[in-house]
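Enquirer: Just passing along the structure, written as structure tokens.
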Amino acid sequence: MNEEIQQDRPESAMAEMGEWLEMSPSSLRRGDIVQGTIVRITPTEILVDIGMKAEGVITGRELERMPKEIREVLREGDVIQVQVVNPEDRSGNILLSLQRALMEEDWQQARRMMEEGEILELTVNGYNKGGLVVRVGRLRGFIPASQVVPQEAGEEKLPVEQRLKRRVGQKIHVRIIEVNPEANRLILSERAAQEELRRRQKEELLARLEPGMRVKGRVISLTDFGAFVDLGGAEGLIHISELSWHRVNHPREVLSVGQEVEVEVIRVDRERKRIALSRKRVEPDPWQQAVAQLREGQLVEAVITRLTNFGAFAALKEFPGVEGLIHISELAEHRVHHPKEVVREGEERVVRLIRIDRENRRLALSLRRVASPEYAMLDWEMAQARLQAEERGSGESP
């Protein structure tokens, strides 16, 4: 029995020796991050138990550099992360740094935010000729001038330093695009953040929009076929046919870049990420107003708008946006080879409304029937009605 105990003792001693060696400063490496417990705080140092044969020391020089808000909250018994500055100095002390551990934590956090594409809202602390300076936790971040987005039209024409100086003190949305602790480089981009925000806004808007909804936006460009409108993250197109109830030859006749407009959503193609809009559908429909007041057979004033081989189109003066067709056979009593023989564009004429096609939203007009006897009774009734209306109106005047 005693022999067994004696045989066990060398093995037990070796195990204890191995454990002691493992916990000695020689097992530490400069730059290691370890966990420890604060055992004593003095004005000149902090002693930290990190499980070694000797306690670690956060020196007075480290305390002087430490932000006041961190230093004031430290208490004996707190468990903290520290970085090994020197595993063993000349005096045999293990030198530690809380500040460097916190910085390392910030570098790791910055790398995570970059990998996840997180959008940060930061305050611009300063600038130099190359870009803007921000703080990301305890780290100094830099936004190159090429990654700063102009805030208003024409700003890019200003000197770079003047543009950058304007941003100091302002909030800015950025993404981290480079993390390099060894070179102390933390590079951010406002441009990348803007692109990502617009992508997210577009997806949210596409998911939310439905045909029939009315929304407000800003005109950002005009083309021959329509106008593009920024709806706050996504762009929609107002086709030229949806700009107005009356005929539009080019969008600039009714809209200008930068103008705020209210539009109705016609169609949302989520797969192709396209939005079709209408401006005219948020305005009163002149066709409905017209057909409620017009009678077949009555005389109306109109302006010739277009000539075609088969007739002339004319816009009713009393109802802007409502057009009718004078078929070539209704231009005159004699045979007409082309409408230009009888009328010209821009000319004002009195025409006869001979048919209202409510289903297809069409009006048929006639020039040759303006003085036709078959409408004499209707013309007399309409004239009497107008006269009575004028008399009532003048009787109500003070």
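Residue numbers start at 1 in each chain; chains themselves are named A, B, ... in the order of the structure tokens; ligands are numbered from 1 in the order shown.
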With only C-alpha atoms as the counted atoms, please give the residues lying no more than 7 Å from Val265 of chain A, apart from itself and same-chain residues fewer than 5 positions off, as an NGL selection string.
Expert: :A and (210-214 or 276-278)
Enquirer: Store the residues picked out above in a file with N, CA, C and O atoms, as a compact mmCIF listing (two decimals), in the first residue's frame.
Expert:
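Full text of result13.txt as output:
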```txt
# COMPACT_ATOMS: atom_id res chain seq x y z
N GLU A 210 -49.56 49.18 -53.79
CA GLU A 210 -50.62 48.42 -54.46
C GLU A 210 -51.30 49.33 -55.48
O GLU A 210 -51.38 50.54 -55.27
N PRO A 211 -51.77 48.77 -56.61
CA PRO A 211 -52.50 49.58 -57.59
C PRO A 211 -53.67 50.31 -56.94
O PRO A 211 -54.38 49.75 -56.10
N GLY A 212 -53.82 51.57 -57.30
CA GLY A 212 -54.90 52.38 -56.75
C GLY A 212 -54.45 53.30 -55.63
O GLY A 212 -55.16 54.25 -55.30
N MET A 213 -53.28 53.01 -55.04
CA MET A 213 -52.77 53.87 -53.97
C MET A 213 -52.32 55.21 -54.54
O MET A 213 -51.80 55.27 -55.65
N ARG A 214 -52.52 56.26 -53.76
CA ARG A 214 -52.04 57.59 -54.15
C ARG A 214 -50.85 57.97 -53.26
O ARG A 214 -50.93 57.87 -52.04
N ALA A 276 -45.50 51.62 -62.35
CA ALA A 276 -46.19 52.48 -63.33
C ALA A 276 -47.11 53.43 -62.57
O ALA A 276 -47.87 53.00 -61.70
N LEU A 277 -47.03 54.71 -62.92
CA LEU A 277 -47.78 55.74 -62.21
C LEU A 277 -48.67 56.54 -63.16
O LEU A 277 -48.48 56.52 -64.37
N SER A 278 -49.62 57.24 -62.58
CA SER A 278 -50.48 58.13 -63.35
C SER A 278 -50.66 59.44 -62.60
O SER A 278 -50.93 59.44 -61.40
```
Enquirer: At a cut-off of 7 Å, using only C-alpha atoms, what residues contact Gly77 of chain A? Leave out same-chain residues fewer than 3 positions from it and give the result as a list in words.
Expert: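 So the residues in contact are Thr37, Ile38 and Val39 of chain A.
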Enquirer: With C-alpha atoms retained, write the just-selected residues as a PDB file, in the first residue's frame.
Expert:
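Once everything was written out, this is out08.pdb:
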```pdb
ATOM      1  CA  THR A  37     -10.769  40.046 -11.697  1.00  0.00           C
ATOM      2  CA  ILE A  38      -9.803  43.401 -10.203  1.00  0.00           C
ATOM      3  CA  VAL A  39      -8.315  42.748  -6.750  1.00  0.00           C
TER       4      VAL A  39
END
```
Enquirer: Could you pull out the alpha helix (DSSP H) residues of segment 279-376 of chain A, going by DSSP on the backbone, and write them as a ChimeraX atom specification?
Expert: /A:286-293,376
Enquirer: Using N, CA and C atoms, can you export the residues from the last selection as a short mmCIF file (atom, residue, chain, number, x, y, z; two decimals), in the first residue's frame?
Expert:
```cif
data_model
loop_
_atom_site.label_atom_id
_atom_site.label_comp_id
_atom_site.auth_asym_id
_atom_site.auth_seq_id
_atom_site.Cartn_x
_atom_site.Cartn_y
_atom_site.Cartn_z
N PRO A 286 -62.18 65.06 -66.83
CA PRO A 286 -63.01 66.00 -67.60
C PRO A 286 -64.04 65.28 -68.47
N TRP A 287 -63.77 64.04 -68.83
CA TRP A 287 -64.74 63.30 -69.64
C TRP A 287 -66.05 63.11 -68.88
N GLN A 288 -65.93 62.74 -67.60
CA GLN A 288 -67.13 62.53 -66.80
C GLN A 288 -67.89 63.85 -66.62
N GLN A 289 -67.16 64.94 -66.44
CA GLN A 289 -67.81 66.24 -66.31
C GLN A 289 -68.51 66.61 -67.61
N ALA A 290 -67.85 66.31 -68.73
CA ALA A 290 -68.39 66.70 -70.03
C ALA A 290 -69.67 65.93 -70.36
N VAL A 291 -69.63 64.60 -70.22
CA VAL A 291 -70.80 63.80 -70.63
C VAL A 291 -71.98 64.06 -69.71
N ALA A 292 -71.72 64.58 -68.51
CA ALA A 292 -72.83 64.89 -67.61
C ALA A 292 -73.56 66.16 -68.05
N GLN A 293 -72.88 67.01 -68.83
CA GLN A 293 -73.47 68.30 -69.22
C GLN A 293 -73.80 68.40 -70.71
N ALA A 376 -82.67 72.57 -85.73
CA ALA A 376 -83.16 73.92 -85.46
C ALA A 376 -83.89 74.01 -84.13
#
```
Enquirer: Can you check which parts of segment 319-394 of chain A lie within 9 Å of segment 305-314 of chain A? Per residue, the shortest pair of atoms and distance in Å to one decimal, counting only C-alpha atoms, sorted by chain and number, as a Markdown table.
Expert:
```
| residue | atom | partner | partner_atom | distance |
| --- | --- | --- | --- | --- |
| A:Val322 | CA | A:Ala314 | CA | 8.6 |
| A:Glu323 | CA | A:Ala314 | CA | 5.4 |
| A:Gly324 | CA | A:Ala314 | CA | 5.4 |
| A:Leu325 | CA | A:Phe313 | CA | 4.5 |
| A:Ile326 | CA | A:Ala312 | CA | 5.2 |
| A:His327 | CA | A:Gly311 | CA | 4.4 |
| A:Ile328 | CA | A:Gly311 | CA | 4.2 |
| A:Ser329 | CA | A:Gly311 | CA | 7.8 |
| A:Glu330 | CA | A:Gly311 | CA | 8.3 |
| A:Leu331 | CA | A:Gly311 | CA | 7.8 |
| A:His337 | CA | A:Asn309 | CA | 8.2 |
| A:His338 | CA | A:Asn309 | CA | 5.9 |
| A:Pro339 | CA | A:Gly311 | CA | 5.8 |
| A:Lys340 | CA | A:Leu307 | CA | 7.1 |
| A:Val343 | CA | A:Ala312 | CA | 8.0 |
| A:Arg344 | CA | A:Leu307 | CA | 7.5 |
| A:Glu345 | CA | A:Thr305 | CA | 5.2 |
| A:Gly346 | CA | A:Thr305 | CA | 6.0 |
| A:Glu347 | CA | A:Thr305 | CA | 8.1 |
| A:Glu348 | CA | A:Ala314 | CA | 8.9 |
| A:Arg349 | CA | A:Ala314 | CA | 8.9 |
| A:Leu365 | CA | A:Ala314 | CA | 8.3 |
```
Enquirer: I'd like the neighbourhood of Val268 of chain A as a VMD selection string, where a residue qualifies if any of its atoms comes within 12 Å (using only C-alpha atoms), though same-chain residues fewer than 4 positions away should be ignored.
Expert: chain A and resid 202 to 203 205 to 213 234 to 237 264 272 to 277
Enquirer: Pick the closest to Val229 of chain A from A:Glu260, A:Asp78, A:Glu242, A:Glu178: which is it, counting only C-alpha atoms?
Expert: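 Between A:Glu260, A:Asp78, A:Glu242, A:Glu178, the residue approaching Val229 of chain A most closely is A:Glu260.
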Enquirer: Grab the atom CA of Ala315 of chain A to atom CA of Gln388 of chain A distance for me, in Å with one decimal place.
Expert: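 According to the coordinates, atom CA of Ala315 of chain A and atom CA of Gln388 of chain A are separated by 26.9 Å.
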Enquirer: Enumerate, as a compact mmCIF listing (two decimals) with N, CA, C and O atoms, in the first residue's frame, the complete set of residues in segment 191-328 of chain A that a backbone-based DSSP assignment places in strand (DSSP E).
Expert:
```txt
# COMPACT_ATOMS: atom_id res chain seq x y z
N ARG A 214 -52.52 56.26 -53.76
CA ARG A 214 -52.04 57.59 -54.15
C ARG A 214 -50.85 57.97 -53.26
O ARG A 214 -50.93 57.87 -52.04
N VAL A 215 -49.78 58.36 -53.90
CA VAL A 215 -48.54 58.70 -53.17
C VAL A 215 -47.97 59.99 -53.74
O VAL A 215 -48.33 60.43 -54.84
N LYS A 216 -47.05 60.59 -52.98
CA LYS A 216 -46.38 61.80 -53.43
C LYS A 216 -44.92 61.50 -53.75
O LYS A 216 -44.31 60.62 -53.15
N GLY A 217 -44.38 62.23 -54.72
CA GLY A 217 -42.99 62.03 -55.12
C GLY A 217 -42.42 63.29 -55.74
O GLY A 217 -43.09 64.32 -55.82
N ARG A 218 -41.17 63.15 -56.20
CA ARG A 218 -40.47 64.29 -56.80
C ARG A 218 -39.98 63.89 -58.19
O ARG A 218 -39.37 62.84 -58.36
N VAL A 219 -40.23 64.74 -59.19
CA VAL A 219 -39.79 64.47 -60.56
C VAL A 219 -38.27 64.56 -60.62
O VAL A 219 -37.67 65.57 -60.22
N ILE A 220 -37.62 63.48 -61.10
CA ILE A 220 -36.16 63.48 -61.16
C ILE A 220 -35.62 63.53 -62.58
O ILE A 220 -34.47 63.91 -62.79
N SER A 221 -36.45 63.16 -63.58
CA SER A 221 -36.00 63.28 -64.97
C SER A 221 -37.19 63.23 -65.91
O SER A 221 -38.23 62.64 -65.59
N LEU A 222 -37.00 63.87 -67.08
CA LEU A 222 -38.03 63.88 -68.13
C LEU A 222 -37.45 63.27 -69.40
O LEU A 222 -36.30 63.53 -69.75
N THR A 223 -38.24 62.44 -70.06
CA THR A 223 -37.84 61.85 -71.34
C THR A 223 -38.95 62.07 -72.35
O THR A 223 -40.03 62.57 -72.00
N GLY A 226 -42.04 60.01 -71.13
CA GLY A 226 -42.67 60.16 -69.83
C GLY A 226 -41.77 60.83 -68.80
O GLY A 226 -40.75 61.43 -69.14
N ALA A 227 -42.16 60.71 -67.53
CA ALA A 227 -41.42 61.34 -66.43
C ALA A 227 -41.14 60.32 -65.34
O ALA A 227 -42.02 59.52 -64.98
N PHE A 228 -39.90 60.33 -64.82
CA PHE A 228 -39.53 59.46 -63.72
C PHE A 228 -39.68 60.22 -62.41
O PHE A 228 -39.26 61.37 -62.29
N VAL A 229 -40.29 59.54 -61.44
CA VAL A 229 -40.61 60.16 -60.16
C VAL A 229 -39.99 59.35 -59.02
O VAL A 229 -40.16 58.13 -58.96
N ASP A 230 -39.27 60.03 -58.13
CA ASP A 230 -38.71 59.38 -56.94
C ASP A 230 -39.79 59.36 -55.87
O ASP A 230 -40.28 60.39 -55.42
N GLU A 235 -38.09 54.45 -57.86
CA GLU A 235 -38.52 55.33 -58.95
C GLU A 235 -39.68 54.70 -59.71
O GLU A 235 -39.71 53.49 -59.92
N GLY A 236 -40.61 55.54 -60.08
CA GLY A 236 -41.74 55.10 -60.89
C GLY A 236 -41.81 55.92 -62.16
O GLY A 236 -41.27 57.03 -62.22
N LEU A 237 -42.48 55.39 -63.17
CA LEU A 237 -42.61 56.09 -64.46
C LEU A 237 -44.06 56.51 -64.70
O LEU A 237 -44.98 55.70 -64.60
N ILE A 238 -44.21 57.80 -65.01
CA ILE A 238 -45.50 58.29 -65.52
C ILE A 238 -45.37 58.32 -67.03
O ILE A 238 -44.64 59.16 -67.58
N HIS A 239 -46.05 57.40 -67.72
CA HIS A 239 -45.99 57.41 -69.18
C HIS A 239 -46.66 58.69 -69.68
O HIS A 239 -47.56 59.24 -69.03
N GLU A 260 -42.73 68.61 -57.02
CA GLU A 260 -43.43 67.64 -56.19
C GLU A 260 -44.77 67.33 -56.85
O GLU A 260 -45.49 68.24 -57.26
N VAL A 261 -45.11 66.04 -56.96
CA VAL A 261 -46.36 65.65 -57.61
C VAL A 261 -47.06 64.56 -56.81
O VAL A 261 -46.43 63.78 -56.10
N GLU A 262 -48.37 64.54 -56.93
CA GLU A 262 -49.17 63.43 -56.39
C GLU A 262 -49.54 62.54 -57.55
O GLU A 262 -49.95 63.01 -58.61
N VAL A 263 -49.39 61.23 -57.36
CA VAL A 263 -49.65 60.27 -58.44
C VAL A 263 -50.43 59.09 -57.90
O VAL A 263 -50.49 58.85 -56.69
N GLU A 264 -51.01 58.35 -58.83
CA GLU A 264 -51.71 57.10 -58.48
C GLU A 264 -50.92 55.93 -59.03
O GLU A 264 -50.41 55.98 -60.16
N VAL A 265 -50.79 54.89 -58.23
CA VAL A 265 -50.08 53.68 -58.67
C VAL A 265 -50.99 52.88 -59.60
O VAL A 265 -52.12 52.54 -59.22
N ILE A 266 -50.50 52.62 -60.80
CA ILE A 266 -51.28 51.84 -61.77
C ILE A 266 -50.91 50.37 -61.70
O ILE A 266 -51.76 49.48 -61.70
N ARG A 267 -49.60 50.11 -61.64
CA ARG A 267 -49.12 48.72 -61.70
C ARG A 267 -47.79 48.61 -60.96
O ARG A 267 -46.94 49.51 -61.03
N VAL A 268 -47.58 47.49 -60.25
CA VAL A 268 -46.33 47.21 -59.54
C VAL A 268 -45.80 45.86 -60.02
O VAL A 268 -46.44 44.83 -59.80
N ASP A 269 -44.65 45.89 -60.70
CA ASP A 269 -44.00 44.66 -61.15
C ASP A 269 -42.85 44.38 -60.18
O ASP A 269 -41.75 44.91 -60.34
N ARG A 274 -40.44 47.42 -61.19
CA ARG A 274 -40.92 48.58 -61.95
C ARG A 274 -42.26 49.04 -61.41
O ARG A 274 -43.09 48.21 -61.02
N ILE A 275 -42.46 50.35 -61.40
CA ILE A 275 -43.70 50.94 -60.89
C ILE A 275 -44.27 51.87 -61.95
O ILE A 275 -43.59 52.79 -62.40
N ALA A 276 -45.50 51.62 -62.35
CA ALA A 276 -46.19 52.48 -63.33
C ALA A 276 -47.11 53.43 -62.57
O ALA A 276 -47.87 53.00 -61.70
N LEU A 277 -47.03 54.71 -62.92
CA LEU A 277 -47.78 55.74 -62.21
C LEU A 277 -48.67 56.54 -63.16
O LEU A 277 -48.48 56.52 -64.37
N SER A 278 -49.62 57.24 -62.58
CA SER A 278 -50.48 58.13 -63.35
C SER A 278 -50.66 59.44 -62.60
O SER A 278 -50.93 59.44 -61.40
N LEU A 299 -74.46 72.55 -80.18
CA LEU A 299 -73.30 73.23 -80.74
C LEU A 299 -72.28 73.49 -79.63
O LEU A 299 -72.65 73.86 -78.51
N VAL A 300 -70.99 73.30 -79.95
CA VAL A 300 -69.93 73.56 -78.97
C VAL A 300 -68.77 74.27 -79.67
O VAL A 300 -68.58 74.14 -80.88
N GLU A 301 -68.02 75.04 -78.89
CA GLU A 301 -66.82 75.68 -79.42
C GLU A 301 -65.63 74.73 -79.24
O GLU A 301 -65.49 74.09 -78.19
N ALA A 302 -64.79 74.65 -80.27
CA ALA A 302 -63.66 73.71 -80.22
C ALA A 302 -62.46 74.31 -80.93
O ALA A 302 -62.58 75.25 -81.73
N VAL A 303 -61.28 73.74 -80.61
CA VAL A 303 -60.02 74.14 -81.25
C VAL A 303 -59.46 72.93 -81.99
O VAL A 303 -59.33 71.85 -81.41
N ILE A 304 -59.14 73.11 -83.25
CA ILE A 304 -58.58 72.01 -84.05
C ILE A 304 -57.17 71.70 -83.51
O ILE A 304 -56.32 72.59 -83.45
N THR A 305 -56.94 70.45 -83.12
CA THR A 305 -55.65 70.07 -82.52
C THR A 305 -54.77 69.24 -83.44
O THR A 305 -53.54 69.37 -83.42
N ARG A 306 -55.38 68.35 -84.25
CA ARG A 306 -54.59 67.48 -85.13
C ARG A 306 -55.35 67.19 -86.40
O ARG A 306 -56.57 67.05 -86.39
N LEU A 307 -54.56 67.04 -87.46
CA LEU A 307 -55.15 66.64 -88.74
C LEU A 307 -54.61 65.27 -89.13
O LEU A 307 -53.41 65.00 -89.01
N THR A 308 -55.50 64.39 -89.58
CA THR A 308 -55.10 63.07 -90.06
C THR A 308 -55.75 62.84 -91.42
O THR A 308 -56.58 63.65 -91.87
N GLY A 311 -59.61 62.57 -90.85
CA GLY A 311 -60.39 63.61 -90.21
C GLY A 311 -59.55 64.56 -89.39
O GLY A 311 -58.32 64.57 -89.47
N ALA A 312 -60.23 65.35 -88.55
CA ALA A 312 -59.55 66.33 -87.70
C ALA A 312 -60.02 66.17 -86.27
O ALA A 312 -61.21 66.00 -86.01
N PHE A 313 -59.06 66.21 -85.32
CA PHE A 313 -59.39 66.15 -83.91
C PHE A 313 -59.55 67.58 -83.40
O PHE A 313 -58.80 68.48 -83.78
N ALA A 314 -60.55 67.74 -82.51
CA ALA A 314 -60.82 69.07 -81.96
C ALA A 314 -61.06 68.98 -80.46
O ALA A 314 -61.75 68.07 -79.99
N ALA A 315 -60.44 69.90 -79.69
CA ALA A 315 -60.59 69.94 -78.23
C ALA A 315 -61.71 70.90 -77.88
O ALA A 315 -61.76 72.03 -78.39
N LEU A 316 -62.61 70.47 -76.98
CA LEU A 316 -63.72 71.32 -76.57
C LEU A 316 -63.20 72.42 -75.64
O LEU A 316 -62.54 72.14 -74.63
N GLU A 323 -61.48 65.69 -76.17
CA GLU A 323 -61.36 65.85 -77.62
C GLU A 323 -62.42 65.02 -78.33
O GLU A 323 -62.90 64.02 -77.80
N GLY A 324 -62.75 65.47 -79.51
CA GLY A 324 -63.65 64.73 -80.37
C GLY A 324 -63.08 64.67 -81.78
O GLY A 324 -62.14 65.40 -82.11
N LEU A 325 -63.64 63.80 -82.60
CA LEU A 325 -63.18 63.65 -83.98
C LEU A 325 -64.22 64.18 -84.96
O LEU A 325 -65.40 63.82 -84.88
N ILE A 326 -63.74 65.04 -85.84
CA ILE A 326 -64.58 65.45 -87.00
C ILE A 326 -64.16 64.55 -88.15
O ILE A 326 -63.08 64.74 -88.73
N HIS A 327 -64.97 63.56 -88.45
CA HIS A 327 -64.60 62.66 -89.55
C HIS A 327 -64.55 63.45 -90.85
O HIS A 327 -65.25 64.46 -91.02
```
Enquirer: Which polymer residues have any atom within 8 Å of an atom of segment 165-170 of chain A, counting only C-alpha atoms, with same-chain residues fewer than 5 positions away left out, as a short mmCIF file (atom, residue, chain, number, x, y, z; two decimals) with all heavy atoms, in the first residue's frame?
Expert:
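Full text of around-v4.cif as output:
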```cif
data_model
loop_
_atom_site.label_atom_id
_atom_site.label_comp_id
_atom_site.auth_asym_id
_atom_site.auth_seq_id
_atom_site.Cartn_x
_atom_site.Cartn_y
_atom_site.Cartn_z
N THR A 123 -21.61 60.94 -36.09
CA THR A 123 -21.43 62.39 -36.16
C THR A 123 -20.05 62.69 -36.73
O THR A 123 -19.06 62.09 -36.30
CB THR A 123 -21.57 63.03 -34.77
OG1 THR A 123 -22.87 62.75 -34.26
CG2 THR A 123 -21.38 64.54 -34.86
N VAL A 124 -19.98 63.60 -37.69
CA VAL A 124 -18.69 63.98 -38.27
C VAL A 124 -17.95 64.85 -37.26
O VAL A 124 -18.42 65.91 -36.87
CB VAL A 124 -18.89 64.75 -39.60
CG1 VAL A 124 -17.54 65.18 -40.16
CG2 VAL A 124 -19.64 63.88 -40.61
N ASN A 125 -16.76 64.37 -36.84
CA ASN A 125 -15.98 65.09 -35.82
C ASN A 125 -14.99 66.08 -36.41
O ASN A 125 -14.58 67.04 -35.76
CB ASN A 125 -15.22 64.09 -34.94
CG ASN A 125 -16.13 63.13 -34.22
OD1 ASN A 125 -16.12 61.95 -34.49
ND2 ASN A 125 -16.96 63.64 -33.33
N GLY A 126 -14.55 65.84 -37.65
CA GLY A 126 -13.55 66.71 -38.25
C GLY A 126 -13.34 66.36 -39.70
O GLY A 126 -14.04 65.51 -40.27
N TYR A 127 -12.38 67.03 -40.31
CA TYR A 127 -12.09 66.79 -41.72
C TYR A 127 -10.64 67.18 -42.00
O TYR A 127 -9.99 67.87 -41.24
CB TYR A 127 -13.03 67.60 -42.62
CG TYR A 127 -12.67 69.07 -42.71
CD1 TYR A 127 -11.95 69.57 -43.79
CD2 TYR A 127 -13.01 69.95 -41.68
CE1 TYR A 127 -11.61 70.92 -43.86
CE2 TYR A 127 -12.66 71.29 -41.74
CZ TYR A 127 -11.96 71.77 -42.83
OH TYR A 127 -11.60 73.09 -42.89
N LEU A 132 -13.47 62.97 -44.34
CA LEU A 132 -14.10 63.26 -43.05
C LEU A 132 -13.61 62.30 -41.97
O LEU A 132 -13.27 61.15 -42.27
CB LEU A 132 -15.62 63.15 -43.17
CG LEU A 132 -16.30 64.05 -44.20
CD1 LEU A 132 -17.79 63.72 -44.29
CD2 LEU A 132 -16.09 65.52 -43.87
#
```
